[in-house]
>>> print(open('my_file.txt').read())   # compact mmCIF, C-alpha atoms and all ligand atoms
# COMPACT_ATOMS: atom_id res chain seq x y z
CA MET A 470 105.77 45.48 85.28
CA ILE A 471 104.34 44.89 88.78
CA THR A 472 103.48 41.26 89.42
CA LEU A 473 100.15 40.47 91.04
CA LEU A 474 99.37 36.90 92.08
CA PRO A 475 98.22 34.47 90.88
CA GLN A 476 99.79 34.92 87.47
CA CYS A 477 97.86 33.83 84.40
CA SER A 478 98.34 30.67 82.38
CA ALA A 479 100.52 30.58 79.26
CA GLN A 480 97.44 30.60 77.01
CA GLU A 481 95.92 33.60 78.83
CA ALA A 482 99.30 35.33 78.68
CA SER A 483 99.38 34.95 74.90
CA TYR A 484 95.96 36.69 74.53
CA LEU A 485 97.08 39.47 76.86
CA GLN A 486 100.36 39.83 75.00
CA GLN A 487 98.44 40.25 71.76
CA ALA A 488 96.24 42.90 73.40
CA GLU A 489 99.26 44.73 74.80
CA THR A 490 100.90 44.88 71.37
CA LEU A 491 97.71 46.37 69.89
CA CYS A 492 97.49 48.89 72.75
CA ARG A 493 101.07 50.01 72.09
CA GLU A 494 100.64 50.22 68.34
CA ALA A 495 97.06 51.36 67.81
CA LEU A 496 96.07 53.16 71.02
CA GLU A 497 99.04 54.69 72.82
CA PRO A 498 100.36 56.94 70.01
CA PHE A 499 97.03 58.82 69.78
CA LEU A 500 96.07 58.96 73.47
CA LEU A 501 96.77 62.64 74.14
CA GLU A 502 95.36 63.86 70.83
CA ASP A 503 92.16 61.79 71.09
CA GLU A 504 91.68 62.81 74.72
CA GLN A 505 91.88 66.50 73.79
CA LYS A 506 89.44 66.06 70.91
CA GLU A 507 87.23 63.63 72.89
CA TYR A 508 87.46 61.40 69.85
CA PHE A 509 86.70 57.66 69.71
CA ARG A 510 89.12 56.02 67.25
CA ARG A 511 87.05 53.23 65.70
CA SER A 512 90.16 51.81 64.02
CA VAL A 513 91.45 50.77 67.47
CA PHE A 514 88.27 48.78 68.10
CA ASP A 515 88.61 47.30 64.60
CA SER A 516 92.14 46.12 65.29
CA PHE A 517 90.91 44.35 68.46
CA LYS A 518 87.97 42.82 66.61
CA GLN A 519 90.28 41.30 64.00
CA VAL A 520 91.84 39.07 66.65
CA GLY A 521 88.54 38.33 68.42
CA LEU A 522 89.32 40.35 71.56
CA THR A 523 85.97 42.17 71.50
CA ALA A 524 84.06 38.92 72.14
CA LEU A 525 86.25 36.99 74.57
CA LEU A 526 83.36 35.51 76.55
CA ILE A 527 80.99 34.59 73.73
CA PRO A 528 80.69 30.94 72.64
CA LYS A 529 82.46 30.04 69.41
CA VAL A 530 79.18 29.12 67.75
CA TRP A 531 78.16 32.81 67.93
CA GLY A 532 81.53 34.14 66.80
CA GLY A 533 83.38 34.59 70.11
CA LEU A 534 86.53 33.12 71.65
CA GLU A 535 84.73 31.30 74.52
CA GLN A 536 87.25 32.27 77.18
CA SER A 537 86.81 32.68 80.93
CA PRO A 538 85.52 35.75 82.84
CA THR A 539 88.91 35.81 84.61
CA LEU A 540 90.73 36.40 81.34
CA TYR A 541 88.10 38.92 80.24
CA TYR A 542 88.48 41.01 83.40
CA ARG A 543 92.28 40.76 83.16
CA LEU A 544 91.97 42.12 79.62
CA LEU A 545 89.95 45.11 80.87
CA THR A 546 92.62 45.81 83.50
CA LEU A 547 95.30 45.75 80.83
CA LEU A 548 93.32 48.02 78.47
CA ALA A 549 92.72 50.50 81.29
CA ARG A 550 96.46 50.87 81.83
CA TYR A 551 96.51 52.47 78.38
CA SER A 552 93.00 53.91 78.22
CA ALA A 553 90.16 53.48 80.72
CA SER A 554 87.82 54.92 78.07
CA PHE A 555 88.67 52.10 75.69
CA SER A 556 88.22 49.55 78.46
CA ILE A 557 84.74 51.00 79.09
CA THR A 558 83.88 50.80 75.38
CA VAL A 559 84.86 47.12 75.26
CA GLY A 560 83.06 46.46 78.58
CA VAL A 561 79.78 48.04 77.43
CA HIS A 562 80.02 46.18 74.11
CA GLN A 563 80.44 42.94 76.07
CA MET A 564 77.39 43.75 78.26
CA ILE A 565 75.10 43.90 75.22
CA GLN A 566 76.46 40.62 73.90
CA ALA A 567 75.96 38.95 77.29
CA ALA A 568 72.37 40.24 77.49
CA ILE A 569 71.50 38.77 74.07
CA LEU A 570 73.30 35.53 74.92
CA GLN A 571 71.34 35.16 78.17
CA PHE A 572 67.90 36.44 77.17
CA GLY A 573 67.79 36.20 73.36
CA SER A 574 66.20 33.60 71.10
CA ASP A 575 68.38 31.70 68.62
CA SER A 576 67.18 33.92 65.78
CA GLN A 577 68.05 37.05 67.81
CA LYS A 578 71.50 35.57 68.46
CA GLN A 579 71.94 34.88 64.77
CA MET A 580 70.81 38.37 63.73
CA PHE A 581 72.25 40.54 66.49
CA LEU A 582 74.80 38.67 68.61
CA LYS A 583 76.92 37.47 65.71
CA PRO A 584 77.63 40.94 64.26
CA LEU A 585 78.47 42.17 67.77
CA ALA A 586 80.75 39.22 68.48
CA THR A 587 82.64 39.60 65.24
CA GLY A 588 82.98 43.32 66.03
CA ASN A 589 81.20 44.37 62.85
CA ALA A 590 78.67 46.17 65.04
CA LEU A 591 79.41 48.09 68.24
CA GLY A 592 76.92 47.85 71.12
CA ALA A 593 75.55 50.48 73.54
CA PHE A 594 73.44 50.21 76.71
CA SER A 595 70.68 52.62 77.64
CA LEU A 596 68.81 52.58 80.96
CA SER A 597 69.14 56.08 82.48
CA GLU A 598 66.89 59.10 81.96
CA SER A 599 66.89 62.61 83.42
CA GLY A 600 64.57 61.63 86.29
CA SER A 601 65.85 58.09 86.70
CA GLY A 602 69.62 57.75 87.01
CA SER A 603 70.14 55.98 90.32
CA ASP A 604 66.40 55.32 90.69
CA ALA A 605 66.51 53.35 87.46
CA SER A 606 63.06 51.74 87.72
CA ALA A 607 61.35 55.16 87.48
CA LEU A 608 62.16 55.50 83.76
CA LYS A 609 59.48 57.15 81.58
CA THR A 610 60.32 56.34 77.93
CA THR A 611 57.32 54.40 76.65
CA ALA A 612 57.03 51.44 74.30
CA THR A 613 53.42 50.99 73.22
CA LEU A 614 52.38 47.78 71.50
CA THR A 615 50.58 48.43 68.18
CA PRO A 616 49.65 46.02 65.36
CA GLU A 617 52.91 46.99 63.54
CA GLY A 618 55.24 46.61 66.54
CA TYR A 619 56.30 48.71 69.56
CA ARG A 620 56.24 52.52 69.25
CA LEU A 621 58.99 54.06 71.38
CA ASN A 622 58.72 57.65 72.62
CA GLY A 623 60.96 59.54 75.03
CA THR A 624 64.52 60.65 75.70
CA LYS A 625 67.24 58.52 77.29
CA LEU A 626 70.36 60.06 78.86
CA TRP A 627 73.99 59.14 79.46
CA CYS A 628 74.19 56.31 76.95
CA SER A 629 77.80 55.01 76.87
CA ASN A 630 79.12 54.39 73.33
CA GLY A 631 76.05 56.39 72.15
CA SER A 632 77.74 58.35 69.32
CA ASP A 633 79.59 55.37 67.95
CA ALA A 634 77.31 52.34 68.36
CA ASP A 635 75.38 50.43 65.70
CA LEU A 636 73.09 48.48 68.03
CA PHE A 637 71.49 49.72 71.27
CA LEU A 638 69.93 47.84 74.16
CA VAL A 639 67.19 50.20 75.35
CA MET A 640 64.97 49.87 78.39
CA ALA A 641 61.46 51.35 77.99
CA ARG A 642 58.14 51.17 79.80
CA THR A 643 55.54 48.76 78.43
CA GLY A 644 53.38 48.54 81.54
CA GLU A 645 52.78 49.64 85.14
CA ALA A 646 54.99 52.05 87.12
CA GLY A 647 58.09 50.53 88.74
CA PRO A 648 60.47 47.72 87.75
CA LYS A 649 57.87 45.22 86.53
CA GLY A 650 56.59 47.54 83.78
CA ILE A 651 59.95 47.76 81.98
CA SER A 652 60.98 45.83 78.85
CA ALA A 653 64.27 45.61 76.92
CA PHE A 654 64.53 46.34 73.19
CA ILE A 655 67.23 45.88 70.57
CA VAL A 656 67.33 49.07 68.49
CA LEU A 657 69.40 49.50 65.34
CA LYS A 658 71.17 52.77 64.56
CA ASN A 659 69.31 53.86 61.45
CA THR A 660 65.78 53.06 62.60
CA PRO A 661 63.38 55.88 61.57
CA GLY A 662 62.24 57.90 64.59
CA PHE A 663 65.47 57.17 66.49
CA SER A 664 68.25 59.76 66.69
CA ILE A 665 71.33 60.44 68.76
CA GLY A 666 70.98 63.67 70.76
CA LYS A 667 73.52 65.79 72.60
CA LYS A 668 76.98 64.39 73.29
CA GLU A 669 77.89 65.22 76.90
CA LYS A 670 81.14 66.88 77.96
CA LYS A 671 82.58 65.18 81.01
CA LEU A 672 85.44 65.17 83.50
CA GLY A 673 86.89 61.79 82.59
CA LEU A 674 86.56 58.82 80.19
CA LYS A 675 86.67 61.45 77.48
CA THR A 676 87.11 59.21 74.44
CA SER A 677 84.13 57.05 75.33
CA SER A 678 81.00 58.89 74.19
CA LEU A 679 78.03 59.60 76.45
CA THR A 680 74.89 60.78 74.67
CA GLU A 681 71.17 61.35 74.70
CA LEU A 682 68.99 59.00 72.66
CA ILE A 683 65.77 60.43 71.25
CA PHE A 684 62.76 58.32 70.30
CA ASP A 685 59.94 59.93 68.36
CA GLN A 686 57.24 57.46 67.28
CA CYS A 687 60.06 54.99 66.61
CA LEU A 688 58.68 51.63 65.45
CA ILE A 689 60.53 48.54 66.69
CA PRO A 690 59.47 45.07 65.47
CA THR A 691 58.21 42.72 68.19
CA THR A 692 61.07 40.38 67.20
CA GLN A 693 63.41 42.95 68.80
CA LEU A 694 61.91 42.64 72.27
CA LEU A 695 64.69 40.99 74.33
CA GLY A 696 63.36 38.58 76.93
CA ARG A 697 59.70 38.78 77.90
CA GLU A 698 57.60 41.91 78.30
CA GLY A 699 58.17 43.22 81.85
CA GLU A 700 61.55 41.49 82.16
CA GLY A 701 63.62 44.53 81.09
CA PHE A 702 64.70 45.65 84.57
CA LYS A 703 66.06 42.17 85.26
CA VAL A 704 67.83 42.15 81.86
CA ALA A 705 69.43 45.51 82.67
CA LEU A 706 70.43 44.88 86.27
CA SER A 707 71.82 41.41 85.68
CA GLN A 708 74.14 42.85 83.01
CA LEU A 709 75.02 45.77 85.27
CA ASP A 710 76.18 43.26 87.91
CA ALA A 711 78.72 41.78 85.50
CA GLY A 712 79.48 45.28 84.20
CA ARG A 713 80.31 46.48 87.71
CA ILE A 714 83.03 43.84 87.98
CA GLY A 715 84.29 45.24 84.67
CA ILE A 716 84.40 48.73 86.20
CA ALA A 717 86.42 47.29 89.09
CA ALA A 718 88.81 45.63 86.60
CA THR A 719 89.19 48.96 84.79
CA ALA A 720 89.81 50.77 88.09
CA LEU A 721 92.45 48.20 89.00
CA GLY A 722 94.29 49.03 85.77
CA LEU A 723 94.30 52.75 86.67
CA ALA A 724 95.59 52.03 90.17
CA GLN A 725 98.32 49.73 88.88
CA GLU A 726 99.38 52.26 86.26
CA ALA A 727 99.53 55.03 88.90
CA LEU A 728 101.80 52.92 91.12
CA GLU A 729 104.13 51.93 88.30
CA ARG A 730 104.41 55.44 86.91
CA VAL A 731 105.03 57.06 90.28
CA TRP A 732 107.56 54.48 91.34
CA SER A 733 109.53 54.49 88.12
CA ALA A 734 109.40 58.28 87.60
CA GLY A 735 110.32 58.86 91.26
CA CYS A 736 113.23 56.47 90.97
CA LYS A 737 114.40 58.13 87.75
CA GLU A 738 114.29 61.41 89.71
CA GLN A 739 111.78 63.03 87.35
CA PHE A 740 110.34 64.48 90.58
CA ALA A 741 111.34 64.46 94.25
CA PHE A 742 110.35 61.13 95.83
CA PRO A 743 111.09 61.30 99.57
CA VAL A 744 111.65 58.06 101.48
CA GLY A 745 108.52 58.72 103.57
CA LEU A 746 106.41 58.63 100.42
CA ARG A 747 108.00 55.39 99.31
CA SER A 748 106.45 53.57 102.27
CA GLU A 749 103.06 55.09 101.43
CA TRP A 750 103.35 53.67 97.90
CA ALA A 751 104.57 50.34 99.26
CA ALA A 752 101.32 50.20 101.26
CA HIS A 753 99.37 50.95 98.06
CA TYR A 754 101.15 47.95 96.50
CA ALA A 755 99.66 45.72 99.21
CA SER A 756 96.19 47.24 98.65
CA LEU A 757 96.54 46.61 94.93
CA GLN A 758 97.18 42.91 95.54
CA ALA A 759 94.15 42.77 97.87
CA ALA A 760 92.01 44.43 95.20
CA TYR A 761 93.22 42.00 92.53
CA SER A 762 92.38 39.05 94.78
CA LEU A 763 88.85 40.41 95.25
CA LEU A 764 88.47 40.85 91.49
CA LEU A 765 89.51 37.25 90.87
CA VAL A 766 86.97 35.98 93.43
CA ALA A 767 84.24 37.90 91.60
CA ALA A 768 85.38 36.61 88.20
CA ARG A 769 85.37 33.06 89.55
CA GLU A 770 81.85 33.43 90.97
CA ARG A 771 80.66 34.61 87.56
CA GLU A 772 82.41 31.66 85.91
CA LEU A 773 80.63 29.25 88.28
CA GLY A 774 77.27 30.85 87.44
CA ASN A 775 76.71 31.90 91.07
CA PRO A 776 74.77 35.08 91.99
CA ILE A 777 77.16 38.02 91.69
CA THR A 778 75.11 41.06 92.73
CA THR A 779 76.82 41.39 96.13
CA ILE A 780 80.39 40.59 95.10
CA ALA A 781 80.01 42.89 92.07
CA SER A 782 78.97 45.81 94.27
CA GLN A 783 81.78 45.06 96.75
CA CYS A 784 84.30 44.96 93.93
CA LYS A 785 83.10 48.13 92.23
CA LEU A 786 83.00 50.07 95.50
CA VAL A 787 86.32 48.95 96.97
CA ILE A 788 88.43 48.96 93.81
CA SER A 789 87.17 52.20 92.28
CA ASP A 790 87.64 53.94 95.65
CA LEU A 791 91.18 52.54 95.82
CA ALA A 792 91.87 53.75 92.27
CA MET A 793 90.63 57.22 93.22
CA ARG A 794 92.93 57.33 96.27
CA MET A 795 95.96 56.01 94.42
CA THR A 796 95.59 58.18 91.31
CA SER A 797 94.96 61.26 93.44
CA ASP A 798 98.03 60.45 95.57
CA ALA A 799 99.98 59.95 92.33
CA VAL A 800 99.09 63.44 91.11
CA GLU A 801 100.11 64.90 94.47
CA THR A 802 103.32 62.87 94.74
CA ALA A 803 104.40 64.08 91.29
CA GLY A 804 103.80 67.76 92.20
CA TYR A 805 103.54 70.09 89.21
CA ALA A 806 104.26 67.21 86.83
CA GLY A 807 101.16 65.55 88.25
CA ILE A 808 98.82 68.22 86.95
CA GLN A 809 100.32 68.38 83.44
CA PRO A 810 98.35 66.34 80.86
CA SER A 811 101.57 65.46 79.01
CA PHE A 812 102.80 63.58 82.12
CA GLY A 813 99.70 61.36 82.00
CA LEU A 814 98.81 61.16 85.70
CA GLU A 815 95.94 63.65 85.86
CA ARG A 816 94.00 61.65 83.24
CA LEU A 817 94.20 58.57 85.47
CA MET A 818 92.70 60.57 88.35
CA ARG A 819 89.88 62.05 86.24
CA ASP A 820 89.04 58.61 84.86
CA ALA A 821 89.07 57.08 88.36
CA LYS A 822 86.56 59.71 89.53
CA ALA A 823 84.29 58.81 86.61
CA LEU A 824 84.52 55.11 87.54
CA GLN A 825 83.12 55.91 91.01
CA ILE A 826 80.02 57.19 89.19
CA VAL A 827 79.35 54.98 86.14
CA GLU A 828 77.27 51.78 86.18
CA GLY A 829 75.74 52.72 89.53
CA THR A 830 77.39 55.31 91.77
CA ASN A 831 79.35 54.02 94.73
CA GLN A 832 76.53 55.31 96.94
CA ILE A 833 74.21 52.92 95.04
CA GLN A 834 76.69 50.09 95.69
CA LYS A 835 76.47 50.91 99.42
CA LEU A 836 72.68 50.75 99.16
CA VAL A 837 72.86 47.32 97.46
CA LEU A 838 75.26 46.09 100.17
CA SER A 839 73.22 47.47 103.06
CA ARG A 840 70.12 45.69 101.69
CA GLU A 841 72.16 42.48 101.55
CA LEU A 842 73.32 42.95 105.15
CA GLU A 843 69.71 43.44 106.23
CA LYS A 844 68.88 40.07 104.61
CA GLN A 845 71.85 38.24 106.11
CA VAL A 846 71.94 39.66 109.63
CA GLN A 847 68.55 39.40 111.29
CA VAL A 848 68.13 41.71 114.28
N1 LIG B 901 69.83 41.34 88.97
C1 LIG B 901 68.64 40.85 88.53
N2 LIG B 901 67.46 41.31 89.01
C2 LIG B 901 67.49 42.28 89.93
C3 LIG B 901 68.70 42.83 90.41
C4 LIG B 901 69.89 42.31 89.89
N3 LIG B 901 71.08 42.79 90.29
N4 LIG B 901 68.43 43.79 91.33
C5 LIG B 901 67.10 43.84 91.43
N5 LIG B 901 66.54 42.93 90.58
C6 LIG B 901 65.12 42.63 90.42
C7 LIG B 901 64.55 42.27 91.80
O1 LIG B 901 64.68 40.90 92.05
C8 LIG B 901 63.12 42.70 91.69
O2 LIG B 901 62.34 41.72 91.03
P1 LIG B 901 61.34 40.75 91.87
O3 LIG B 901 60.40 41.67 92.56
O4 LIG B 901 60.73 39.89 90.82
O5 LIG B 901 62.21 40.01 92.84
C9 LIG B 901 63.17 43.92 90.77
O6 LIG B 901 64.41 43.81 90.03
C10 LIG B 901 63.16 45.22 91.51
O7 LIG B 901 64.21 45.20 92.47
P2 LIG B 901 64.37 46.34 93.58
O8 LIG B 901 63.07 46.48 94.32
O9 LIG B 901 65.60 46.07 94.36
O10 LIG B 901 64.56 47.64 92.66
P3 LIG B 901 64.78 49.14 93.05
O11 LIG B 901 63.91 49.98 92.20
O12 LIG B 901 64.70 49.33 94.53
O13 LIG B 901 66.28 49.44 92.50
C11 LIG B 901 68.65 49.72 92.67
C12 LIG B 901 67.41 48.92 93.03
C13 LIG B 901 68.70 51.08 93.33
C14 LIG B 901 69.79 48.88 93.20
C15 LIG B 901 68.73 49.89 91.13
O14 LIG B 901 67.78 50.83 90.71
C16 LIG B 901 70.09 50.31 90.65
O15 LIG B 901 71.00 49.51 90.57
N6 LIG B 901 70.24 51.62 90.29
C17 LIG B 901 71.42 52.10 89.66
C18 LIG B 901 71.26 52.06 88.20
C19 LIG B 901 72.57 52.09 87.50
O16 LIG B 901 73.49 51.39 87.85
N7 LIG B 901 72.65 52.91 86.48
C20 LIG B 901 73.90 52.99 85.80
C21 LIG B 901 73.84 53.43 84.47
S1 LIG B 901 73.28 52.38 83.32
S2 LIG B 901 72.98 53.57 81.81
>>> encode(input="my_file.txt", output="structure tokens", more="lines below")
Ligand code: COS
Amino acid sequence: MITLLPQCSAQEASYLQQAETLCREALEPFLLEDEQKEYFRRSVFDSFKQVGLTALLIPKVWGGLEQSPTLYYRLLTLLARYSASFSITVGVHQMIQAAILQFGSDSQKQMFLKPLATGNALGAFSLSESGSGSDASALKTTATLTPEGYRLNGTKLWCSNGSDADLFLVMARTGEAGPKGISAFIVLKNTPGFSIGKKEKKLGLKTSSLTELIFDQCLIPTTQLLGREGEGFKVALSQLDAGRIGIAATALGLAQEALERVWSAGCKEQFAFPVGLRSEWAAHYASLQAAYSLLLVAARERELGNPITTIASQCKLVISDLAMRMTSDAVETAGYAGIQPSFGLERLMRDAKALQIVEGTNQIQKLVLSRELEKQVQV
């Protein structure tokens, strides 16, 4: 396996070793079949939950392993080498836990964070709507306060983990137009008036579901408002910041896998691997190390509790673009083998393309970074 520096500690290595064994036993044998059927194998998630790997970052008191963001992002990189879809499922699940940990009351943590941390419930995140993907603060789903609770009405789109989740973090409008009129709600799967709509077909990340959520006079108790009324946009975007580092970690796994597969298959002469191409892949090796270093800086900033909006956007942009280049080069380097699903390279490329889009397109990351530059460099 390619070594990227710095290497992890012995304790981190033992968690990663455990995860790798589960990936080999529970995930790898079914990859092709599940990909073709676009099927999420819950038993894989269950095997990770049994050893606590679905709640690495959560304090022990709430059922987690209380480990560092660095280890968490390394885990996502490792998972992505087997399945970027599974890495996304674990990443989204973690986002919901982090939101409840940061914004929830103790009773919300007891009721909702614990089942997520133990893996007995799977989480999903829902911000986007048909008219508000990138322009997230324009969302139209309403949550109207009544004496019984909040009545939710509207349709959300592109909810990751939608078909499979038990608990949803849903952003809806409780007030004025724009970001300040949005609130965050915890919604349980079987709530009357709430249903899962169409499951989308997509280019990549095929075993992680993406669905509509439909709310029709759905009553949510006021105890399931997360944070204060009007704080929902902040709840969503702060979790997206951490999530974007997770996308970068996932992309890094795809890039690393592409390099290893091309190099070893080329050397075993499974396809022609001219010397000229070797130097191109050697250059990718250097880029991979640079990307890993950037990821570790972002993880460290999160660990220190520093603002991460900028570093998260930098990470997501640079590393998912690198993954796209490397996986696309891998397909081309392998020739006809590259475009055969059984060879495994074309899936990496399709997943890398999806990573340039999810959790804020890379064009949105450029917007975030140009706003930051405007703040920092006064003309
Ligand atoms: N963390 C916490 N709060 C944030 C934030 C962040 N990363 N980014 C913005 N906010 C806050 C701002 O501080 C502001 O509040 P105050 O006025 O109190 O300071 C408020 O949110 C509105 O910010 P802003 O004016 O920048 O919002 P915009 O509507 O211009 O939106 C972008 C900014 C485009 C960056 C945002 O809509 C975005 O990230 N879109 C992509 C959405 C996305 O990633 N979707 C993926 C799918 S999730 S299903």
>>> residues_near_ligand(input="my_file.txt", ligand="ligand LIG 901 (chain B)", cutoff="6 Å", atoms="all atoms listed in the file", output="mmCIF file with C-alpha atoms, in the frame of the given file")
data_model
loop_
_atom_site.group_PDB
_atom_site.id
_atom_site.type_symbol
_atom_site.label_atom_id
_atom_site.label_comp_id
_atom_site.auth_asym_id
_atom_site.auth_seq_id
_atom_site.Cartn_x
_atom_site.Cartn_y
_atom_site.Cartn_z
ATOM 1 C CA SER A 595 70.680 52.620 77.640
ATOM 2 C CA LEU A 596 68.810 52.580 80.960
ATOM 3 C CA SER A 597 69.140 56.080 82.480
ATOM 4 C CA GLY A 602 69.620 57.750 87.010
ATOM 5 C CA SER A 603 70.140 55.980 90.320
ATOM 6 C CA ASP A 604 66.400 55.320 90.690
ATOM 7 C CA ALA A 605 66.510 53.350 87.460
ATOM 8 C CA SER A 606 63.060 51.740 87.720
ATOM 9 C CA CYS A 628 74.190 56.310 76.950
ATOM 10 C CA PRO A 648 60.470 47.720 87.750
ATOM 11 C CA PHE A 702 64.700 45.650 84.570
ATOM 12 C CA LYS A 703 66.060 42.170 85.260
ATOM 13 C CA LEU A 706 70.430 44.880 86.270
ATOM 14 C CA SER A 707 71.820 41.410 85.680
ATOM 15 C CA ASP A 710 76.180 43.260 87.910
ATOM 16 C CA THR A 778 75.110 41.060 92.730
ATOM 17 C CA VAL A 827 79.350 54.980 86.140
ATOM 18 C CA GLU A 828 77.270 51.780 86.180
ATOM 19 C CA GLY A 829 75.740 52.720 89.530
ATOM 20 C CA VAL A 837 72.860 47.320 97.460
#
>>> residues_around(input="my_file.txt", residues="range 718-730 of chain A", least_positions_apart="5", cutoff="8 Å", atoms="only C-alpha atoms", output="ChimeraX atom specification")
/A:470-471,542-543,545-550,553,556-557,750,753-754,757,760-761,764,788-789,791-793,795-796,799,814,817,821,824
>>> atom_distance(input="my_file.txt", atom1="CA of Ala751 in chain A", atom2="CA of Ala781 in chain A")
26.7 Å
>>> atom_distance(input="my_file.txt", atom1="CA of Ala806 in chain A", atom2="CA of Leu672 in chain A")
19.2 Å
>>> residues_around(input="my_file.txt", residues="Gln505 in chain A", least_positions_apart="3", cutoff="9 Å", atoms="only C-alpha atoms", output="list of chain:residue names")
A:Leu500, A:Leu501, A:Glu502, A:Tyr508, A:Lys675, A:Thr676
>>> residues_near_point(input="my_file.txt", point="(79.9, 34.7, 69.0)", cutoff="10 Å", atoms="all atoms listed in the file", output="list of chain:residue names")
A:Gly521, A:Thr523, A:Ala524, A:Leu525, A:Leu526, A:Ile527, A:Pro528, A:Lys529, A:Val530, A:Trp531, A:Gly532, A:Gly533, A:Leu534, A:Glu535, A:Gln566, A:Leu570, A:Lys578, A:Gln579, A:Phe581, A:Leu582, A:Lys583, A:Pro584, A:Leu585, A:Ala586, A:Thr587, A:Gly588
>>> axis_aligned_box(input="my_file.txt", around="range 672-679 of chain A", padding_each_side="4 Å", output="lines of an AutoDock Vina configuration file")
center_x = 82.6
center_y = 61.1
center_z = 78.8
size_x = 17.1
size_y = 16.1
size_z = 17.3
>>> closest_residue(input="my_file.txt", among="A:Val731, A:Gln758, A:Gly592, A:Gly600", to="Val800 in chain A", atoms="all atoms listed in the file")
A:Val731
>>> atom_distance(input="my_file.txt", atom1="CA of Leu621 in chain A", atom2="CA of Ala641 in chain A")
7.6 Å
>>> residues_around(input="my_file.txt", residues="Lys609 in chain A", least_positions_apart="2", cutoff="8 Å", atoms="only C-alpha atoms", output="list in words")
Glu598, Ala607, Thr611, Gly623, Ala641 and Arg642 of chain A
>>> closest_residue(input="my_file.txt", among="A:Leu695, A:Leu682, A:Ile716, A:Ala759", to="Glu669 in chain A", atoms="only C-alpha atoms")
A:Leu682
>>> residues_around(input="my_file.txt", residues="Gln739 in chain A", least_positions_apart="2", cutoff="12 Å", atoms="all atoms listed in the file", output="list in words")
Arg730, Val731, Trp732, Ser733, Ala734, Gly735, Cys736, Lys737, Ala741, Phe742, Thr802, Ala803, Gly804, Tyr805, Ala806, Gly807 and Phe812 of chain A
>>> closest_residue(input="my_file.txt", among="A:Val766, A:Ile826, A:Ala705, A:Cys477", to="Trp627 in chain A", atoms="all atoms listed in the file")
A:Ile826
>>> closest_residue(input="my_file.txt", among="A:Leu485, A:Ile683, A:Leu474, A:Ala612", to="Gly699 in chain A", atoms="all atoms listed in the file")
A:Ala612
